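Engineer: Just target02.txt, nothing more (compact mmCIF, C-alpha atoms):
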```txt
# COMPACT_ATOMS: atom_id res chain seq x y z
CA MET Y 1 42.72 4.27 -77.27
CA THR Y 2 41.34 3.75 -73.78
CA ASN Y 3 37.76 4.44 -72.76
CA PRO Y 4 37.89 5.12 -69.01
CA LEU Y 5 34.12 5.63 -68.88
CA ALA Y 6 33.10 2.59 -70.92
CA ASP Y 7 29.76 1.08 -69.87
CA ARG Y 8 28.95 4.11 -67.72
CA ILE Y 9 25.71 6.09 -68.00
CA ALA Y 10 26.05 9.88 -67.81
CA LEU Y 11 23.17 12.33 -67.52
CA VAL Y 12 24.05 15.87 -68.61
CA THR Y 13 21.60 18.77 -68.28
CA GLY Y 14 21.72 21.82 -70.51
CA ALA Y 15 23.37 19.60 -73.11
CA SER Y 16 22.20 21.43 -76.23
CA ARG Y 17 24.92 24.10 -76.17
CA GLY Y 18 27.87 25.60 -74.32
CA ILE Y 19 29.56 23.75 -71.48
CA GLY Y 20 26.84 21.09 -71.34
CA PHE Y 21 27.23 20.30 -75.05
CA ALA Y 22 31.03 20.13 -74.76
CA THR Y 23 30.94 18.04 -71.59
CA ALA Y 24 28.49 15.56 -73.08
CA LYS Y 25 30.76 15.17 -76.12
CA ALA Y 26 33.85 14.72 -73.95
CA LEU Y 27 32.18 12.15 -71.70
CA ALA Y 28 30.95 10.23 -74.75
CA LYS Y 29 34.45 10.28 -76.23
CA ALA Y 30 35.68 8.75 -72.96
CA GLY Y 31 33.21 5.90 -73.47
CA ALA Y 32 30.08 6.91 -71.54
CA HIS Y 33 26.57 6.60 -72.92
CA ILE Y 34 25.06 10.08 -72.68
CA VAL Y 35 21.56 10.89 -71.50
CA ALA Y 36 21.35 14.41 -72.88
CA VAL Y 37 18.72 16.71 -71.38
CA ALA Y 38 17.80 20.13 -72.76
CA ARG Y 39 14.81 22.18 -73.90
CA THR Y 40 16.10 22.54 -77.47
CA GLN Y 41 15.43 19.54 -79.71
CA GLY Y 42 17.60 20.90 -82.52
CA GLY Y 43 20.59 21.36 -80.24
CA LEU Y 44 20.19 17.84 -78.89
CA GLU Y 45 20.09 16.42 -82.41
CA GLU Y 46 23.26 18.33 -83.28
CA LEU Y 47 24.92 16.87 -80.17
CA ASP Y 48 23.81 13.38 -81.17
CA ASP Y 49 25.39 13.84 -84.59
CA GLU Y 50 28.67 14.95 -83.02
CA ILE Y 51 28.72 12.06 -80.55
CA ARG Y 52 28.01 9.52 -83.28
CA LYS Y 53 30.87 10.94 -85.38
CA ASP Y 54 33.20 9.99 -82.54
CA GLY Y 55 31.69 6.52 -82.29
CA GLY Y 56 29.66 7.26 -79.16
CA SER Y 57 26.00 6.93 -78.27
CA ALA Y 58 23.35 9.12 -76.69
CA THR Y 59 19.74 9.15 -75.58
CA LEU Y 60 18.06 12.50 -76.23
CA VAL Y 61 15.62 13.85 -73.65
CA PRO Y 62 13.83 17.10 -74.62
CA LEU Y 63 12.75 18.37 -71.21
CA ASN Y 64 12.23 21.69 -69.49
CA LEU Y 65 13.81 21.20 -66.07
CA THR Y 66 11.09 23.24 -64.43
CA ASP Y 67 8.90 20.18 -65.11
CA SER Y 68 9.56 18.37 -61.83
CA ASP Y 69 7.23 15.52 -62.78
CA GLY Y 70 9.22 15.14 -66.00
CA ILE Y 71 12.43 14.76 -63.99
CA ALA Y 72 10.73 12.08 -61.88
CA ARG Y 73 9.62 10.27 -65.04
CA LEU Y 74 13.18 10.46 -66.36
CA GLY Y 75 14.46 8.86 -63.18
CA ALA Y 76 11.90 6.08 -63.49
CA GLY Y 77 12.83 5.54 -67.12
CA LEU Y 78 16.54 5.30 -66.31
CA HIS Y 79 15.77 2.81 -63.56
CA GLU Y 80 13.74 0.68 -65.95
CA ARG Y 81 16.33 0.77 -68.75
CA TYR Y 82 19.66 0.73 -66.90
CA GLY Y 83 18.95 0.16 -63.21
CA LYS Y 84 21.59 2.73 -62.31
CA LEU Y 85 23.17 6.09 -63.13
CA ASP Y 86 26.94 6.56 -62.94
CA ILE Y 87 27.35 10.26 -63.66
CA LEU Y 88 25.20 13.36 -63.15
CA VAL Y 89 26.39 16.69 -64.53
CA GLY Y 90 24.06 19.47 -63.38
CA ASN Y 91 24.98 22.11 -65.91
CA ALA Y 92 21.68 23.70 -67.00
CA GLY Y 93 21.29 27.26 -65.79
CA VAL Y 94 19.84 30.62 -66.73
CA LEU Y 95 21.34 34.06 -66.20
CA GLY Y 96 18.10 35.93 -65.55
CA PRO Y 97 17.78 39.72 -65.48
CA SER Y 98 20.77 42.06 -65.19
CA SER Y 99 19.32 44.90 -63.12
CA PRO Y 100 19.40 46.45 -59.66
CA ILE Y 101 17.45 44.30 -57.20
CA GLY Y 102 14.67 46.86 -56.83
CA HIS Y 103 13.98 46.73 -60.57
CA ILE Y 104 13.63 42.95 -60.79
CA GLU Y 105 10.13 41.44 -60.87
CA LEU Y 106 9.38 38.60 -58.47
CA LYS Y 107 8.48 36.26 -61.34
CA ALA Y 108 11.87 36.83 -62.99
CA PHE Y 109 13.60 36.01 -59.70
CA ASN Y 110 11.52 32.87 -59.22
CA ASP Y 111 12.18 31.76 -62.79
CA VAL Y 112 15.94 31.80 -62.15
CA MET Y 113 15.60 29.91 -58.88
CA ALA Y 114 13.36 27.33 -60.55
CA VAL Y 115 16.02 26.33 -63.08
CA ASN Y 116 19.22 26.92 -61.12
CA VAL Y 117 18.13 25.58 -57.73
CA SER Y 118 14.78 23.76 -57.61
CA ALA Y 119 15.49 21.69 -60.74
CA ASN Y 120 18.80 20.52 -59.28
CA PHE Y 121 17.06 19.71 -55.99
CA GLN Y 122 14.60 17.52 -57.90
CA LEU Y 123 17.44 15.93 -59.88
CA ILE Y 124 19.18 15.02 -56.62
CA ARG Y 125 15.99 13.55 -55.17
CA CYS Y 126 15.21 11.49 -58.26
CA MET Y 127 18.74 10.45 -59.27
CA GLU Y 128 20.30 9.67 -55.90
CA PRO Y 129 18.86 6.12 -55.73
CA LEU Y 130 20.22 5.42 -59.22
CA LEU Y 131 23.63 6.93 -58.45
CA LYS Y 132 23.82 4.74 -55.35
CA GLN Y 133 23.29 1.69 -57.57
CA SER Y 134 26.53 2.57 -59.36
CA ASP Y 135 29.83 1.23 -58.03
CA ALA Y 136 31.20 4.78 -58.32
CA GLY Y 137 28.43 7.38 -58.69
CA ARG Y 138 29.71 10.85 -59.52
CA ALA Y 139 27.85 14.19 -59.48
CA VAL Y 140 29.26 17.51 -60.65
CA PHE Y 141 27.32 20.78 -60.52
CA ILE Y 142 28.37 23.86 -62.49
CA THR Y 143 28.57 26.95 -60.32
CA SER Y 144 29.91 30.50 -60.68
CA GLY Y 145 32.20 32.94 -58.94
CA ALA Y 146 29.13 35.18 -58.66
CA ALA Y 147 27.99 32.98 -55.77
CA SER Y 148 30.80 34.04 -53.46
CA LYS Y 149 31.35 37.51 -54.89
CA ALA Y 150 27.66 38.44 -54.60
CA THR Y 151 28.06 40.17 -57.96
CA ALA Y 152 26.02 43.36 -58.35
CA TYR Y 153 23.19 43.55 -60.89
CA VAL Y 154 22.89 39.77 -61.32
CA SER Y 155 21.52 39.08 -57.85
CA PRO Y 156 19.06 36.29 -58.82
CA TYR Y 157 21.84 34.40 -60.61
CA ALA Y 158 24.36 34.95 -57.79
CA ALA Y 159 21.84 33.93 -55.12
CA SER Y 160 20.83 30.84 -57.07
CA LYS Y 161 24.42 29.66 -57.47
CA ALA Y 162 25.11 30.24 -53.77
CA ALA Y 163 22.05 28.12 -52.98
CA LEU Y 164 23.19 25.44 -55.44
CA GLU Y 165 26.61 25.31 -53.81
CA THR Y 166 25.10 24.82 -50.36
CA LEU Y 167 22.71 22.16 -51.66
CA ALA Y 168 25.55 20.22 -53.29
CA ARG Y 169 27.79 20.51 -50.23
CA ALA Y 170 25.02 19.27 -47.94
CA TRP Y 171 24.42 16.32 -50.27
CA ALA Y 172 28.15 15.57 -50.27
CA GLN Y 173 28.12 15.41 -46.48
CA GLU Y 174 25.03 13.20 -46.43
CA THR Y 175 26.66 10.73 -48.84
CA ALA Y 176 30.26 10.97 -47.58
CA ASN Y 177 30.20 7.37 -46.30
CA THR Y 178 28.96 5.96 -49.61
CA PRO Y 179 30.76 5.47 -52.94
CA LEU Y 180 28.94 8.56 -54.31
CA ARG Y 181 31.14 11.65 -54.79
CA VAL Y 182 29.55 15.12 -55.16
CA ASN Y 183 31.50 18.18 -56.26
CA LEU Y 184 31.20 21.67 -57.75
CA PHE Y 185 32.96 23.11 -60.78
CA ASN Y 186 33.47 26.82 -61.43
CA PRO Y 187 34.39 27.43 -65.09
CA GLY Y 188 34.87 31.20 -64.76
CA PRO Y 189 34.55 33.33 -67.91
CA VAL Y 190 34.07 31.01 -70.90
CA ARG Y 191 33.20 31.59 -74.56
CA THR Y 192 29.47 30.83 -74.26
CA ARG Y 193 26.21 32.49 -75.23
CA MET Y 194 25.46 33.27 -71.57
CA ARG Y 195 28.78 35.09 -71.18
CA ALA Y 196 28.16 37.07 -74.38
CA THR Y 197 24.76 38.13 -73.05
CA LEU Y 198 26.29 39.33 -69.79
CA MET Y 199 29.36 40.99 -71.33
CA PRO Y 200 28.38 42.04 -74.87
CA GLY Y 201 31.47 44.20 -75.37
CA GLU Y 202 33.94 41.47 -74.46
CA ASP Y 203 36.13 39.90 -77.15
CA PRO Y 204 35.21 36.18 -77.04
CA ALA Y 205 38.60 35.30 -78.52
CA THR Y 206 40.17 36.23 -75.17
CA LEU Y 207 38.21 33.47 -73.39
CA ASP Y 208 38.76 29.72 -73.21
CA THR Y 209 36.26 27.57 -75.06
CA ALA Y 210 33.67 25.25 -73.55
CA GLU Y 211 35.63 22.34 -75.04
CA GLN Y 212 38.73 23.33 -73.06
CA VAL Y 213 36.69 23.55 -69.86
CA ALA Y 214 34.99 20.18 -70.43
CA GLU Y 215 38.33 18.37 -70.42
CA PHE Y 216 38.66 19.25 -66.73
CA ILE Y 217 35.13 18.13 -65.85
CA VAL Y 218 35.59 14.62 -67.25
CA PRO Y 219 38.13 13.46 -64.62
CA MET Y 220 35.70 14.48 -61.85
CA CYS Y 221 33.23 11.99 -63.32
CA ALA Y 222 35.61 9.04 -63.37
CA PRO Y 223 35.53 6.09 -60.94
CA ASP Y 224 39.05 6.91 -59.71
CA TRP Y 225 38.00 10.42 -58.56
CA THR Y 226 37.90 10.24 -54.76
CA GLU Y 227 37.24 13.80 -53.53
CA THR Y 228 33.79 14.90 -52.41
CA GLY Y 229 32.31 18.19 -51.22
CA LYS Y 230 35.03 20.12 -53.06
CA PHE Y 231 35.10 23.04 -55.50
CA TYR Y 232 37.22 22.98 -58.65
CA ASP Y 233 38.21 26.43 -59.88
CA TYR Y 234 39.03 26.19 -63.58
CA LYS Y 235 40.75 29.58 -63.85
CA THR Y 236 43.39 28.66 -61.27
CA ARG Y 237 43.24 24.89 -61.95
CA THR Y 238 42.78 24.37 -58.23
CA LEU Y 239 40.64 21.95 -56.24
CA MET Y 240 39.48 23.83 -53.16
CA SER Y 241 37.86 23.07 -49.84
CA PHE Y 242 35.13 25.38 -48.53
CA ARG Y 243 35.99 27.42 -45.47
CA PRO Y 244 33.80 29.43 -43.11
CA PRO Y 245 33.89 33.22 -43.59
CA ALA Y 246 36.58 35.04 -41.61
```
Could you express the structure from this file as structure tokens?
Structural biologist:
Amino acid sequence: MTNPLADRIALVTGASRGIGFATAKALAKAGAHIVAVARTQGGLEELDDEIRKDGGSATLVPLNLTDSDGIARLGAGLHERYGKLDILVGNAGVLGPSSPIGHIELKAFNDVMAVNVSANFQLIRCMEPLLKQSDAGRAVFITSGAASKATAYVSPYAASKAALETLARAWAQETANTPLRVNLFNPGPVRTRMRATLMPGEDPATLDTAEQVAEFIVPMCAPDWTETGKFYDYKTRTLMSFRPPA
């Protein structure tokens, strides 16, 4: 059995459940050491158990990503221990309120932006030097079709994902002449807790699992992945380039 990610260090946010949990497991199975970040200690410990069952290893980091100083400390700790970071999967995100815009409190809007945008901005700032120390740094951010559809009644979430996409694309352009590759991944409807919250009447059995989705994220984290500034749409299994509006 080959381990294409052997000796590689992978940081995964939102790793205590859903797509983050499944992606961390899949990356570990491919040989990477996982730096698992999430707010929920219990979920991280469950992930650690699963990774160890498969013969992998993980470092657990209980951290609220709104703690920007905590992200900076994490970067410093990774530098001290490993001197590099090979993979960053920016998965953590919150749905926020499902209401007409006029009914949403400013704090609720800011809370969504803090996790979905500002935390990823801080991750980029603090992890870029480490990713550039890798021979093949890879960053993948989890986005949503809501960003381009401007989906009604989830405006904070849609706006935050649109901002995240632009942030990632700008970073991809800034690093295009380096070994670092930066891309976005849109999972579409997946059998997760967030999806169940948004669509409570939906039959989860009709949706793909987070484990199925994670199998398509892993190749984007590998050294032989060469694309940057692209958007992988899981539903259509298509790697897309961004185009200006018509």
Engineer: Using 8 Å as the limit and counting only C-alpha atoms, can you tabulate each residue of region 138-199 of chain Y that touches region 224-230 of chain Y, with its shortest atom-to-atom distance in Å and the two atoms involved, as a Markdown table?
Structural biologist:
```
| residue | atom | partner | partner_atom | distance |
| --- | --- | --- | --- | --- |
| Y:Ala168 | CA | Y:Gly229 | CA | 7.4 |
| Y:Arg169 | CA | Y:Gly229 | CA | 5.2 |
| Y:Ala172 | CA | Y:Gly229 | CA | 5.0 |
| Y:Gln173 | CA | Y:Gly229 | CA | 6.9 |
| Y:Ala176 | CA | Y:Thr228 | CA | 7.2 |
| Y:Arg181 | CA | Y:Thr228 | CA | 4.8 |
| Y:Val182 | CA | Y:Thr228 | CA | 5.1 |
| Y:Asn183 | CA | Y:Gly229 | CA | 5.1 |
| Y:Leu184 | CA | Y:Lys230 | CA | 6.3 |
```
Engineer: Show me, as JSON lines, the residues of region 10-119 of chain Y having an atom within 12 Å of region 141-161 of chain Y, each with the closest atom pair and its distance in Å, using all atoms listed in the file.
Structural biologist:
```
{"residue": "Y:Leu11", "atom": "CA", "partner": "Y:Phe141", "partner_atom": "CA", "distance": 11.7}
{"residue": "Y:Val12", "atom": "CA", "partner": "Y:Phe141", "partner_atom": "CA", "distance": 10.0}
{"residue": "Y:Thr13", "atom": "CA", "partner": "Y:Phe141", "partner_atom": "CA", "distance": 9.8}
{"residue": "Y:Gly14", "atom": "CA", "partner": "Y:Ile142", "partner_atom": "CA", "distance": 10.6}
{"residue": "Y:Gly18", "atom": "CA", "partner": "Y:Ile142", "partner_atom": "CA", "distance": 12.0}
{"residue": "Y:Ile19", "atom": "CA", "partner": "Y:Ile142", "partner_atom": "CA", "distance": 9.1}
{"residue": "Y:Gly20", "atom": "CA", "partner": "Y:Ile142", "partner_atom": "CA", "distance": 9.4}
{"residue": "Y:Thr23", "atom": "CA", "partner": "Y:Ile142", "partner_atom": "CA", "distance": 11.1}
{"residue": "Y:Ile87", "atom": "CA", "partner": "Y:Phe141", "partner_atom": "CA", "distance": 11.0}
{"residue": "Y:Leu88", "atom": "CA", "partner": "Y:Phe141", "partner_atom": "CA", "distance": 8.2}
{"residue": "Y:Val89", "atom": "CA", "partner": "Y:Phe141", "partner_atom": "CA", "distance": 5.8}
{"residue": "Y:Gly90", "atom": "CA", "partner": "Y:Phe141", "partner_atom": "CA", "distance": 4.5}
{"residue": "Y:Asn91", "atom": "CA", "partner": "Y:Ile142", "partner_atom": "CA", "distance": 5.1}
{"residue": "Y:Ala92", "atom": "CA", "partner": "Y:Ile142", "partner_atom": "CA", "distance": 8.1}
{"residue": "Y:Gly93", "atom": "CA", "partner": "Y:Ile142", "partner_atom": "CA", "distance": 8.5}
{"residue": "Y:Val94", "atom": "CA", "partner": "Y:Tyr157", "partner_atom": "CA", "distance": 7.5}
{"residue": "Y:Leu95", "atom": "CA", "partner": "Y:Tyr157", "partner_atom": "CA", "distance": 5.6}
{"residue": "Y:Gly96", "atom": "CA", "partner": "Y:Tyr157", "partner_atom": "CA", "distance": 6.4}
{"residue": "Y:Pro97", "atom": "CA", "partner": "Y:Val154", "partner_atom": "CA", "distance": 6.6}
{"residue": "Y:Ser98", "atom": "CA", "partner": "Y:Val154", "partner_atom": "CA", "distance": 5.0}
{"residue": "Y:Ser99", "atom": "CA", "partner": "Y:Tyr153", "partner_atom": "CA", "distance": 4.7}
{"residue": "Y:Pro100", "atom": "CA", "partner": "Y:Tyr153", "partner_atom": "CA", "distance": 4.9}
{"residue": "Y:Ile101", "atom": "CA", "partner": "Y:Ser155", "partner_atom": "CA", "distance": 6.7}
{"residue": "Y:Gly102", "atom": "CA", "partner": "Y:Tyr153", "partner_atom": "CA", "distance": 10.0}
{"residue": "Y:His103", "atom": "CA", "partner": "Y:Tyr153", "partner_atom": "CA", "distance": 9.7}
{"residue": "Y:Ile104", "atom": "CA", "partner": "Y:Pro156", "partner_atom": "CA", "distance": 8.8}
{"residue": "Y:Glu105", "atom": "CA", "partner": "Y:Pro156", "partner_atom": "CA", "distance": 10.5}
{"residue": "Y:Leu106", "atom": "CA", "partner": "Y:Pro156", "partner_atom": "CA", "distance": 10.0}
{"residue": "Y:Lys107", "atom": "CA", "partner": "Y:Pro156", "partner_atom": "CA", "distance": 10.9}
{"residue": "Y:Ala108", "atom": "CA", "partner": "Y:Pro156", "partner_atom": "CA", "distance": 8.3}
{"residue": "Y:Phe109", "atom": "CA", "partner": "Y:Pro156", "partner_atom": "CA", "distance": 5.5}
{"residue": "Y:Asn110", "atom": "CA", "partner": "Y:Pro156", "partner_atom": "CA", "distance": 8.3}
{"residue": "Y:Asp111", "atom": "CA", "partner": "Y:Pro156", "partner_atom": "CA", "distance": 9.1}
{"residue": "Y:Val112", "atom": "CA", "partner": "Y:Pro156", "partner_atom": "CA", "distance": 6.4}
{"residue": "Y:Met113", "atom": "CA", "partner": "Y:Ser160", "partner_atom": "CA", "distance": 5.6}
{"residue": "Y:Ala114", "atom": "CA", "partner": "Y:Ser160", "partner_atom": "CA", "distance": 9.0}
{"residue": "Y:Val115", "atom": "CA", "partner": "Y:Ser160", "partner_atom": "CA", "distance": 8.9}
{"residue": "Y:Asn116", "atom": "CA", "partner": "Y:Ser160", "partner_atom": "CA", "distance": 5.9}
{"residue": "Y:Val117", "atom": "CA", "partner": "Y:Ser160", "partner_atom": "CA", "distance": 5.9}
{"residue": "Y:Ser118", "atom": "CA", "partner": "Y:Ser160", "partner_atom": "CA", "distance": 9.3}
{"residue": "Y:Ala119", "atom": "CA", "partner": "Y:Ser160", "partner_atom": "CA", "distance": 11.2}
```
Engineer: Those same residues, written as a short mmCIF file (atom, residue, chain, number, x, y, z; two decimals), keeping the file's coordinate frame with C-alpha atoms?
Structural biologist:
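Result file is out.cif:
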```cif
data_model
loop_
_atom_site.label_atom_id
_atom_site.label_comp_id
_atom_site.auth_asym_id
_atom_site.auth_seq_id
_atom_site.Cartn_x
_atom_site.Cartn_y
_atom_site.Cartn_z
CA LEU Y 11 23.17 12.33 -67.52
CA VAL Y 12 24.05 15.87 -68.61
CA THR Y 13 21.60 18.77 -68.28
CA GLY Y 14 21.72 21.82 -70.51
CA GLY Y 18 27.87 25.60 -74.32
CA ILE Y 19 29.56 23.75 -71.48
CA GLY Y 20 26.84 21.09 -71.34
CA THR Y 23 30.94 18.04 -71.59
CA ILE Y 87 27.35 10.26 -63.66
CA LEU Y 88 25.20 13.36 -63.15
CA VAL Y 89 26.39 16.69 -64.53
CA GLY Y 90 24.06 19.47 -63.38
CA ASN Y 91 24.98 22.11 -65.91
CA ALA Y 92 21.68 23.70 -67.00
CA GLY Y 93 21.29 27.26 -65.79
CA VAL Y 94 19.84 30.62 -66.73
CA LEU Y 95 21.34 34.06 -66.20
CA GLY Y 96 18.10 35.93 -65.55
CA PRO Y 97 17.78 39.72 -65.48
CA SER Y 98 20.77 42.06 -65.19
CA SER Y 99 19.32 44.90 -63.12
CA PRO Y 100 19.40 46.45 -59.66
CA ILE Y 101 17.45 44.30 -57.20
CA GLY Y 102 14.67 46.86 -56.83
CA HIS Y 103 13.98 46.73 -60.57
CA ILE Y 104 13.63 42.95 -60.79
CA GLU Y 105 10.13 41.44 -60.87
CA LEU Y 106 9.38 38.60 -58.47
CA LYS Y 107 8.48 36.26 -61.34
CA ALA Y 108 11.87 36.83 -62.99
CA PHE Y 109 13.60 36.01 -59.70
CA ASN Y 110 11.52 32.87 -59.22
CA ASP Y 111 12.18 31.76 -62.79
CA VAL Y 112 15.94 31.80 -62.15
CA MET Y 113 15.60 29.91 -58.88
CA ALA Y 114 13.36 27.33 -60.55
CA VAL Y 115 16.02 26.33 -63.08
CA ASN Y 116 19.22 26.92 -61.12
CA VAL Y 117 18.13 25.58 -57.73
CA SER Y 118 14.78 23.76 -57.61
CA ALA Y 119 15.49 21.69 -60.74
#
```
Engineer: May I have the residues within 12 Å of Ser134 (chain Y) as a PyMOL selection string, using only C-alpha atoms and disregarding those fewer than 3 positions away in the same chain?
Structural biologist: chain Y and resi 7-10+79+82-88+127-131+137-139+178-181+222-223
Engineer: I need the residues from that last selection saved to file as a short mmCIF file (atom, residue, chain, number, x, y, z; two decimals), in the frame of the given file (with C-alpha atoms), if you can.
Structural biologist:
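What follows is the written file again_29.cif:
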```cif
data_model
loop_
_atom_site.label_atom_id
_atom_site.label_comp_id
_atom_site.auth_asym_id
_atom_site.auth_seq_id
_atom_site.Cartn_x
_atom_site.Cartn_y
_atom_site.Cartn_z
CA ASP Y 7 29.76 1.08 -69.87
CA ARG Y 8 28.95 4.11 -67.72
CA ILE Y 9 25.71 6.09 -68.00
CA ALA Y 10 26.05 9.88 -67.81
CA HIS Y 79 15.77 2.81 -63.56
CA TYR Y 82 19.66 0.73 -66.90
CA GLY Y 83 18.95 0.16 -63.21
CA LYS Y 84 21.59 2.73 -62.31
CA LEU Y 85 23.17 6.09 -63.13
CA ASP Y 86 26.94 6.56 -62.94
CA ILE Y 87 27.35 10.26 -63.66
CA LEU Y 88 25.20 13.36 -63.15
CA MET Y 127 18.74 10.45 -59.27
CA GLU Y 128 20.30 9.67 -55.90
CA PRO Y 129 18.86 6.12 -55.73
CA LEU Y 130 20.22 5.42 -59.22
CA LEU Y 131 23.63 6.93 -58.45
CA GLY Y 137 28.43 7.38 -58.69
CA ARG Y 138 29.71 10.85 -59.52
CA ALA Y 139 27.85 14.19 -59.48
CA THR Y 178 28.96 5.96 -49.61
CA PRO Y 179 30.76 5.47 -52.94
CA LEU Y 180 28.94 8.56 -54.31
CA ARG Y 181 31.14 11.65 -54.79
CA ALA Y 222 35.61 9.04 -63.37
CA PRO Y 223 35.53 6.09 -60.94
#
```
Engineer: Ala36 (chain Y): which residues within 6 Å, counting all atoms listed in the file, same-chain residues fewer than 5 positions away excluded, as JSON, numbers by chain?
Structural biologist: {"Y": [12, 15, 60, 61]}
Engineer: Within 10 Å of Gly55 (chain Y), counting all atoms listed in the file, which residues qualify if same-chain residues fewer than 5 places away don't, as a list of chain:residue names?
Structural biologist: Y:Ala28, Y:Lys29, Y:Gly31, Y:Asp49, Y:Glu50
Engineer: Neighbouring residues of Leu44 (chain Y) were defined as those with any atom within 9 Å, considering only C-alpha atoms; residues of the same chain fewer than 2 positions away were excluded. Please report them as a PDB file with C-alpha atoms, in the coordinates of the input.
Structural biologist:
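File produced: around_32.pdb:
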```
ATOM      1  CA  ALA Y  15      23.370  19.600 -73.110  1.00  0.00           C
ATOM      2  CA  SER Y  16      22.200  21.430 -76.230  1.00  0.00           C
ATOM      3  CA  ARG Y  17      24.920  24.100 -76.170  1.00  0.00           C
ATOM      4  CA  PHE Y  21      27.230  20.300 -75.050  1.00  0.00           C
ATOM      5  CA  ALA Y  36      21.350  14.410 -72.880  1.00  0.00           C
ATOM      6  CA  VAL Y  37      18.720  16.710 -71.380  1.00  0.00           C
ATOM      7  CA  ALA Y  38      17.800  20.130 -72.760  1.00  0.00           C
ATOM      8  CA  ARG Y  39      14.810  22.180 -73.900  1.00  0.00           C
ATOM      9  CA  THR Y  40      16.100  22.540 -77.470  1.00  0.00           C
ATOM     10  CA  GLN Y  41      15.430  19.540 -79.710  1.00  0.00           C
ATOM     11  CA  GLY Y  42      17.600  20.900 -82.520  1.00  0.00           C
ATOM     12  CA  GLU Y  46      23.260  18.330 -83.280  1.00  0.00           C
ATOM     13  CA  LEU Y  47      24.920  16.870 -80.170  1.00  0.00           C
ATOM     14  CA  ASP Y  48      23.810  13.380 -81.170  1.00  0.00           C
ATOM     15  CA  ASP Y  49      25.390  13.840 -84.590  1.00  0.00           C
ATOM     16  CA  LEU Y  60      18.060  12.500 -76.230  1.00  0.00           C
ATOM     17  CA  VAL Y  61      15.620  13.850 -73.650  1.00  0.00           C
ATOM     18  CA  PRO Y  62      13.830  17.100 -74.620  1.00  0.00           C
TER      19      PRO Y  62
END
```
Engineer: Go ahead and compute the interatomic distance for CA of Leu123 (chain Y) and CA of Phe216 (chain Y), in Å to one decimal.
Structural biologist: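 We find that CA of Leu123 (chain Y) and CA of Phe216 (chain Y) lie 22.5 Å from each other.
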Engineer: CA of Cys126 (chain Y) and CA of Ala6 (chain Y), how far apart in Å?
Structural biologist: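 About the pair CA of Ala6 (chain Y) and CA of Cys126 (chain Y): they are 23.7 Å apart.
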Engineer: One decimal, Å: what's the distance from CA of Leu5 (chain Y) over to CA of Lys235 (chain Y), could you say?
Structural biologist: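 Computing it gives 25.4 Å between the two atoms.
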Engineer: Using only C-alpha atoms, which of Y:Phe185, Y:Asn64, Y:Ala163, Y:Lys132 sits nearest Met220 (chain Y)?
Structural biologist: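 Looking at the shortest contact to Met220 (chain Y), the residue is Y:Phe185.
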